[in-house]
>>> print(open('structure.pdb').read())   # PDB, C-alpha atoms
ATOM      1  CA  MET M 130     121.490  96.690  97.813
ATOM      2  CA  PRO M 131     125.158  96.653  98.866
ATOM      3  CA  SER M 132     125.981  94.518 101.838
ATOM      4  CA  ALA M 133     127.481  95.939 105.010
ATOM      5  CA  PRO M 134     129.827  94.369 107.535
ATOM      6  CA  ALA M 135     127.894  92.051 109.834
ATOM      7  CA  GLN M 136     129.133  93.882 112.931
ATOM      8  CA  SER M 137     127.897  97.240 111.595
ATOM      9  CA  ARG M 138     124.508  95.780 110.688
ATOM     10  CA  GLY M 139     124.168  94.180 114.109
ATOM     11  CA  CYS M 140     125.064  97.326 116.042
ATOM     12  CA  ALA M 141     122.762  99.491 113.944
ATOM     13  CA  THR M 142     119.857  97.098 114.349
ATOM     14  CA  ALA M 143     120.440  97.009 118.096
ATOM     15  CA  VAL M 144     120.214 100.815 118.237
ATOM     16  CA  VAL M 145     116.891 100.864 116.377
ATOM     17  CA  ALA M 146     115.525  98.004 118.492
ATOM     18  CA  THR M 147     116.476  99.719 121.758
ATOM     19  CA  LEU M 148     114.738 102.909 120.676
ATOM     20  CA  GLY M 149     111.691 100.832 119.800
ATOM     21  CA  VAL M 150     111.499  99.511 123.356
ATOM     22  CA  ILE M 151     111.687 103.019 124.826
ATOM     23  CA  VAL M 152     109.040 104.511 122.556
ATOM     24  CA  LEU M 153     106.692 101.553 122.974
ATOM     25  CA  LEU M 154     106.879 101.914 126.748
ATOM     26  CA  MET M 155     106.071 105.611 126.389
ATOM     27  CA  ALA M 156     103.088 104.803 124.181
ATOM     28  CA  VAL M 157     101.744 102.185 126.565
ATOM     29  CA  GLY M 158     102.242 104.574 129.470
ATOM     30  CA  GLY M 159     100.095 107.154 127.707
ATOM     31  CA  VAL M 160      97.355 104.611 127.140
ATOM     32  CA  TRP M 161      97.472 103.566 130.790
ATOM     33  CA  ALA M 162      97.003 107.154 131.934
ATOM     34  CA  ILE M 163      93.658 107.202 130.136
ATOM     35  CA  VAL M 164      92.297 103.737 130.773
ATOM     36  CA  ALA M 165      93.073 103.879 134.460
ATOM     37  CA  LEU M 166      90.519 106.713 134.682
ATOM     38  CA  THR M 167      87.783 105.178 132.537
ATOM     39  CA  SER M 168      82.158  96.669 130.583
ATOM     40  CA  GLY M 169      80.664  95.293 126.511
ATOM     41  CA  GLY M 170      80.190  98.067 124.077
ATOM     42  CA  GLY M 171      81.285  98.653 120.485
ATOM     43  CA  ASP M 172      81.953  96.436 117.501
ATOM     44  CA  TYR M 173      84.901  94.433 118.854
ATOM     45  CA  GLY M 174      84.672  91.707 121.480
ATOM     46  CA  THR M 175      88.350  90.756 121.708
ATOM     47  CA  VAL M 176      91.685  92.451 121.130
ATOM     48  CA  PRO M 177      93.541  91.466 117.914
ATOM     49  CA  ASP M 178      96.782  89.534 118.205
ATOM     50  CA  CYS M 179     100.052  90.604 116.638
ATOM     51  CA  ALA M 180      99.605  88.154 113.753
ATOM     52  CA  VAL M 181      97.010  90.505 112.250
ATOM     53  CA  ALA M 182      99.881  92.840 111.297
ATOM     54  CA  GLN M 183     101.660  90.183 109.217
ATOM     55  CA  THR M 184     100.756  91.903 105.969
ATOM     56  CA  ASP M 185     102.465  92.817 102.717
ATOM     57  CA  ALA M 186     102.848  96.301 104.184
ATOM     58  CA  LEU M 187     104.905  95.034 107.131
ATOM     59  CA  GLU M 188     106.971  92.872 104.785
ATOM     60  CA  SER M 189     107.847  95.868 102.614
ATOM     61  CA  LEU M 190     108.581  98.194 105.544
ATOM     62  CA  VAL M 191     110.581  95.819 107.763
ATOM     63  CA  PRO M 192     112.048  93.063 105.572
ATOM     64  CA  ASP M 193     114.174  90.287 107.070
ATOM     65  CA  ARG M 194     112.529  91.013 110.405
ATOM     66  CA  ARG M 195     112.209  89.194 113.680
ATOM     67  CA  SER M 196     109.452  89.553 116.248
ATOM     68  CA  GLU M 197     110.772  91.257 119.383
ATOM     69  CA  LEU M 198     107.566  91.653 121.357
ATOM     70  CA  ASP M 199     104.170  89.939 121.311
ATOM     71  CA  GLN M 200     102.437  90.065 124.669
ATOM     72  CA  PRO M 201      99.424  91.350 126.605
ATOM     73  CA  ILE M 202      99.816  94.783 128.179
ATOM     74  CA  ASP M 203     100.408  94.414 131.909
ATOM     75  CA  GLY M 204      97.562  95.569 134.105
ATOM     76  CA  PHE M 205      94.919  95.324 131.378
ATOM     77  CA  GLN M 206      93.482  91.944 132.405
ATOM     78  CA  ARG M 207      90.170  93.333 133.604
ATOM     79  CA  ASN M 208      86.656  92.886 132.331
ATOM     80  CA  TRP M 209      86.433  96.294 130.604
ATOM     81  CA  ARG M 210      89.722  96.627 128.737
ATOM     82  CA  GLU M 211      92.455  94.470 127.256
ATOM     83  CA  GLY M 212      95.583  95.341 125.329
ATOM     84  CA  ARG M 213      98.389  93.827 123.311
ATOM     85  CA  GLU M 214     101.787  95.213 122.293
ATOM     86  CA  CYS M 215     103.868  94.136 119.301
ATOM     87  CA  ARG M 216     107.262  95.038 117.878
ATOM     88  CA  TRP M 217     109.329  93.909 114.886
ATOM     89  CA  ALA M 218     112.846  94.876 113.808
ATOM     90  CA  THR M 219     115.295  93.939 111.090
ATOM     91  CA  ASP M 220     117.301  90.906 112.130
ATOM     92  CA  ARG M 221     120.909  91.684 113.016
ATOM     93  CA  SER M 222     122.200  89.195 110.449
ATOM     94  CA  ALA M 223     120.085  90.608 107.608
ATOM     95  CA  GLU M 224     121.420  92.436 104.566
ATOM     96  CA  SER M 225     118.698  95.101 104.862
ATOM     97  CA  VAL M 226     119.171  98.572 106.323
ATOM     98  CA  PRO M 227     117.699  98.551 109.867
ATOM     99  CA  ALA M 228     113.997  99.331 110.256
ATOM    100  CA  ALA M 229     111.410  98.730 112.959
ATOM    101  CA  ALA M 230     107.663  98.879 113.546
ATOM    102  CA  ARG M 231     105.606  98.715 116.715
ATOM    103  CA  MET M 232     101.901  98.448 117.444
ATOM    104  CA  VAL M 233      99.600  98.770 120.419
ATOM    105  CA  PHE M 234      96.028  97.436 120.443
ATOM    106  CA  VAL M 235      93.599  98.349 123.224
ATOM    107  CA  ARG M 236      89.948  97.236 123.247
ATOM    108  CA  TYR M 237      87.429  98.797 125.614
ATOM    109  CA  ASP M 238      84.054  97.820 127.042
ATOM    110  CA  ASP M 239      81.532 100.213 128.551
ATOM    111  CA  HIS M 240      82.545 101.023 132.113
ATOM    112  CA  GLY M 241      80.506 103.059 134.560
ATOM    113  CA  ASP M 242      79.382 106.234 132.808
ATOM    114  CA  THR M 243      82.046 105.914 130.091
ATOM    115  CA  GLU M 244      81.105 104.326 126.779
ATOM    116  CA  ALA M 245      83.637 102.031 125.164
ATOM    117  CA  THR M 246      83.894 104.142 122.008
ATOM    118  CA  ALA M 247      84.507 107.288 124.065
ATOM    119  CA  ALA M 248      87.286 105.574 126.038
ATOM    120  CA  ALA M 249      88.977 104.541 122.780
ATOM    121  CA  ALA M 250      88.682 108.105 121.458
ATOM    122  CA  ASP M 251      90.180 109.482 124.682
ATOM    123  CA  ALA M 252      93.130 107.085 124.418
ATOM    124  CA  MET M 253      93.823 108.204 120.857
ATOM    125  CA  ALA M 254      93.657 111.870 121.850
ATOM    126  CA  ALA M 255      96.008 111.283 124.790
ATOM    127  CA  ALA M 256      98.607 109.562 122.601
ATOM    128  CA  ALA M 257      98.489 112.366 120.036
ATOM    129  CA  GLY M 258      98.293 115.177 122.600
ATOM    130  CA  PRO M 259     102.025 115.934 123.048
ATOM    131  CA  HIS M 260     102.571 116.091 119.268
ATOM    132  CA  SER M 261     101.514 118.213 116.299
ATOM    133  CA  ALA M 262      99.025 115.644 115.053
ATOM    134  CA  GLU M 263      97.223 115.805 111.723
ATOM    135  CA  PRO M 264      93.942 114.060 110.838
ATOM    136  CA  VAL M 265      94.153 111.073 108.495
ATOM    137  CA  ALA M 266      91.252 110.696 106.077
ATOM    138  CA  ASP M 267      89.346 107.476 105.386
ATOM    139  CA  LEU M 268      90.981 105.398 108.096
ATOM    140  CA  GLY M 269      88.814 103.811 110.789
ATOM    141  CA  ASP M 270      86.244 106.017 112.505
ATOM    142  CA  GLU M 271      88.948 108.610 113.131
ATOM    143  CA  ALA M 272      92.725 108.712 112.877
ATOM    144  CA  LEU M 273      95.643 111.030 113.614
ATOM    145  CA  SER M 274      99.270 111.010 112.468
ATOM    146  CA  TRP M 275     102.420 112.674 113.770
ATOM    147  CA  HIS M 276     106.208 112.500 113.922
ATOM    148  CA  GLU M 277     108.103 112.120 117.188
ATOM    149  CA  GLU M 278     111.721 111.723 118.229
ATOM    150  CA  THR M 279     113.308 109.516 120.852
ATOM    151  CA  ARG M 280     116.949 110.227 121.636
ATOM    152  CA  GLY M 281     117.216 112.041 118.338
ATOM    153  CA  PHE M 282     115.803 109.192 116.231
ATOM    154  CA  GLY M 283     112.572 109.902 114.371
ATOM    155  CA  TRP M 284     109.419 107.770 114.306
ATOM    156  CA  GLY M 285     106.211 108.233 112.333
ATOM    157  CA  CYS M 286     103.039 107.271 114.210
ATOM    158  CA  VAL M 287      99.364 106.819 113.337
ATOM    159  CA  ALA M 288      96.648 106.370 115.965
ATOM    160  CA  VAL M 289      93.325 104.910 114.823
ATOM    161  CA  ARG M 290      89.961 104.394 116.495
ATOM    162  CA  MET M 291      87.688 101.706 115.114
ATOM    163  CA  SER M 292      84.552 101.720 117.275
ATOM    164  CA  ASN M 293      85.796 100.541 120.704
ATOM    165  CA  LEU M 294      89.268  99.522 119.463
ATOM    166  CA  TYR M 295      92.258 101.879 119.645
ATOM    167  CA  THR M 296      95.451 101.093 117.725
ATOM    168  CA  LEU M 297      98.794 102.866 117.590
ATOM    169  CA  THR M 298     101.224 102.098 114.764
ATOM    170  CA  CYS M 299     104.739 103.561 114.595
ATOM    171  CA  TYR M 300     107.535 103.049 112.071
ATOM    172  CA  THR M 301     111.152 104.071 111.575
ATOM    173  CA  ALA M 302     114.064 103.170 109.315
ATOM    174  CA  SER M 303     117.697 104.170 109.185
ATOM    175  CA  ILE M 304     119.346 105.935 106.256
ATOM    176  CA  ASP M 305     122.376 103.634 106.555
ATOM    177  CA  TYR M 306     123.717 100.499 108.208
ATOM    178  CA  GLN M 307     125.171 102.505 111.104
ATOM    179  CA  SER M 308     121.783 103.979 112.141
ATOM    180  CA  SER M 309     123.330 107.436 112.017
ATOM    181  CA  GLU M 310     119.857 108.947 111.618
ATOM    182  CA  ALA M 311     116.339 108.056 110.576
ATOM    183  CA  VAL M 312     114.863 108.565 107.136
ATOM    184  CA  PRO M 313     112.961 111.876 106.702
ATOM    185  CA  ALA M 314     109.924 112.496 108.893
ATOM    186  CA  ASP M 315     107.425 112.292 106.036
ATOM    187  CA  GLU M 316     108.735 108.842 105.094
ATOM    188  CA  THR M 317     108.310 107.502 108.627
ATOM    189  CA  VAL M 318     104.757 108.872 108.834
ATOM    190  CA  ALA M 319     103.904 107.469 105.396
ATOM    191  CA  GLY M 320     105.250 104.071 106.459
ATOM    192  CA  ALA M 321     103.222 104.105 109.670
ATOM    193  CA  GLU M 322     100.072 105.020 107.737
ATOM    194  CA  LYS M 323     100.696 102.264 105.188
ATOM    195  CA  LEU M 324     100.913  99.668 107.946
ATOM    196  CA  ALA M 325      97.990 101.149 109.899
ATOM    197  CA  ARG M 326      95.728 100.924 106.841
ATOM    198  CA  ALA M 327      96.747  97.333 106.126
ATOM    199  CA  VAL M 328      96.117  96.327 109.735
ATOM    200  CA  ALA M 329      92.761  98.134 109.836
ATOM    201  CA  ASP M 330      91.664  96.174 106.752
ATOM    202  CA  ALA M 331      92.832  92.905 108.322
ATOM    203  CA  VAL M 332      91.007  93.667 111.578
ATOM    204  CA  GLU M 333      87.795  94.481 109.710
ATOM    205  CA  ASP M 334      88.066  91.200 107.789
ATOM    206  CA  GLY M 335      88.817  89.209 110.948
ATOM    207  CA  ASP M 336      86.621  87.868 113.723
ATOM    208  CA  TYR M 337      87.323  90.156 116.662
TER     209      TYR M 337
END
>>> encode(input="structure.pdb", output="structure tokens")
Amino acid sequence: MPSAPAQSRGCATAVVATLGVIVLLMAVGGVWAIVALTSGGGDYGTVPDCAVAQTDALESLVPDRRSELDQPIDGFQRNWREGRECRWATDRSAESVPAAARMVFVRYDDHGDTEATAAAADAMAAAAGPHSAEPVADLGDEALSWHEETRGFGWGCVAVRMSNLYTLTCYTASIDYQSSEAVPADETVAGAEKLARAVADAVEDGDY
């Protein structure tokens, strides 16, 4: 791959990273709108950490990356839900064209009259609601995919429910070093699904 001037790579990566912050906040806000209305229940007793996404899929989608976010979701430290948010982006000094991925994990317990699995399903539906979502076969208990834009830059997203665990995976990449525009919508959605499947497998193999 041809190299690009370091300044161009750095500016382009900064653009993609900034968009990642905005969209992640929007995603977490959507989750909060649901969980604030909804203690154990389901297959999962703890929320996965961001390390579970360190897969070959993430390596291929966001090479030469750095971790930009790995933290609990504010306001989720209660006995019936917990969440974690993660984000990775191409390092500004890298030779690779800028790309980024972000993930949200939210685990629910039974709460009042709401079962944990139902709360996770509601969160997935709320995240997909504003978009033209399509079902994704053979992924978790149920999954939806869609394409969204933030300030004109496209992201592919896949929401998955695995029992009482809800995950949201989104991916984008630029067509050039200047981040003039994102790769086509179907490529961003395919990338998000690739990472979502790899993470789902890792979660199932883990001790959560």
>>> resolve_selection(input="structure.pdb", expression="the PyMOL selection byres ((chain M and resi 249) around 9)", output="list in words")
Val164, Val235, Arg236, Tyr237, Glu244, Ala245, Thr246, Ala247, Ala248, Ala250, Asp251, Ala252, Met253, Ala254, Arg290, Met291, Ser292, Asn293, Leu294, Tyr295 and Thr296 of chain M
>>> atom_distance(input="structure.pdb", atom1="atom CA of Cys179 of chain M", atom2="atom CA of Trp275 of chain M")
22.4 Å
>>> resolve_selection(input="structure.pdb", expression="the PyMOL selection byres ((chain M and resi 261-263) around 10)", output="number ranges by chain")
M: 254, 256-260, 264-266, 272-277, 286-288
>>> closest_residue(input="structure.pdb", among="M:Glu322, M:Asp334, M:Asp203, M:Asp172", to="Asp239 of chain M", atoms="all atoms listed in the file")
M:Asp172
>>> closest_residue(input="structure.pdb", among="M:Asp270, M:Ala331, M:Glu278, M:Tyr173", to="Pro313 of chain M", atoms="only C-alpha atoms")
M:Glu278
>>> closest_residue(input="structure.pdb", among="M:Tyr300, M:Gly170, M:Arg213, M:Val312", to="Val191 of chain M", atoms="all atoms listed in the file")
M:Tyr300
>>> residues_around(input="structure.pdb", residues="segment 175-177 of chain M", least_positions_apart="4", cutoff="12 Å", atoms="all atoms listed in the file", output="VMD selection string")
chain M and resid 169 to 171 181 to 183 199 to 202 205 to 206 208 to 215 232 to 238 291 293 to 296 328 to 329 331 to 337
>>> atom_distance(input="structure.pdb", atom1="atom CA of Ala311 of chain M", atom2="atom CA of Arg231 of chain M")
15.5 Å
>>> atom_distance(input="structure.pdb", atom1="atom CA of Leu268 of chain M", atom2="atom CA of Ala319 of chain M")
13.4 Å
>>> residues_around(input="structure.pdb", residues="Leu187 of chain M", least_positions_apart="2", cutoff="10 Å", atoms="only C-alpha atoms", output="VMD selection string")
chain M and resid 182 to 185 189 to 192 194 217 229 to 230 300 320 to 321 323 to 325 327 to 328
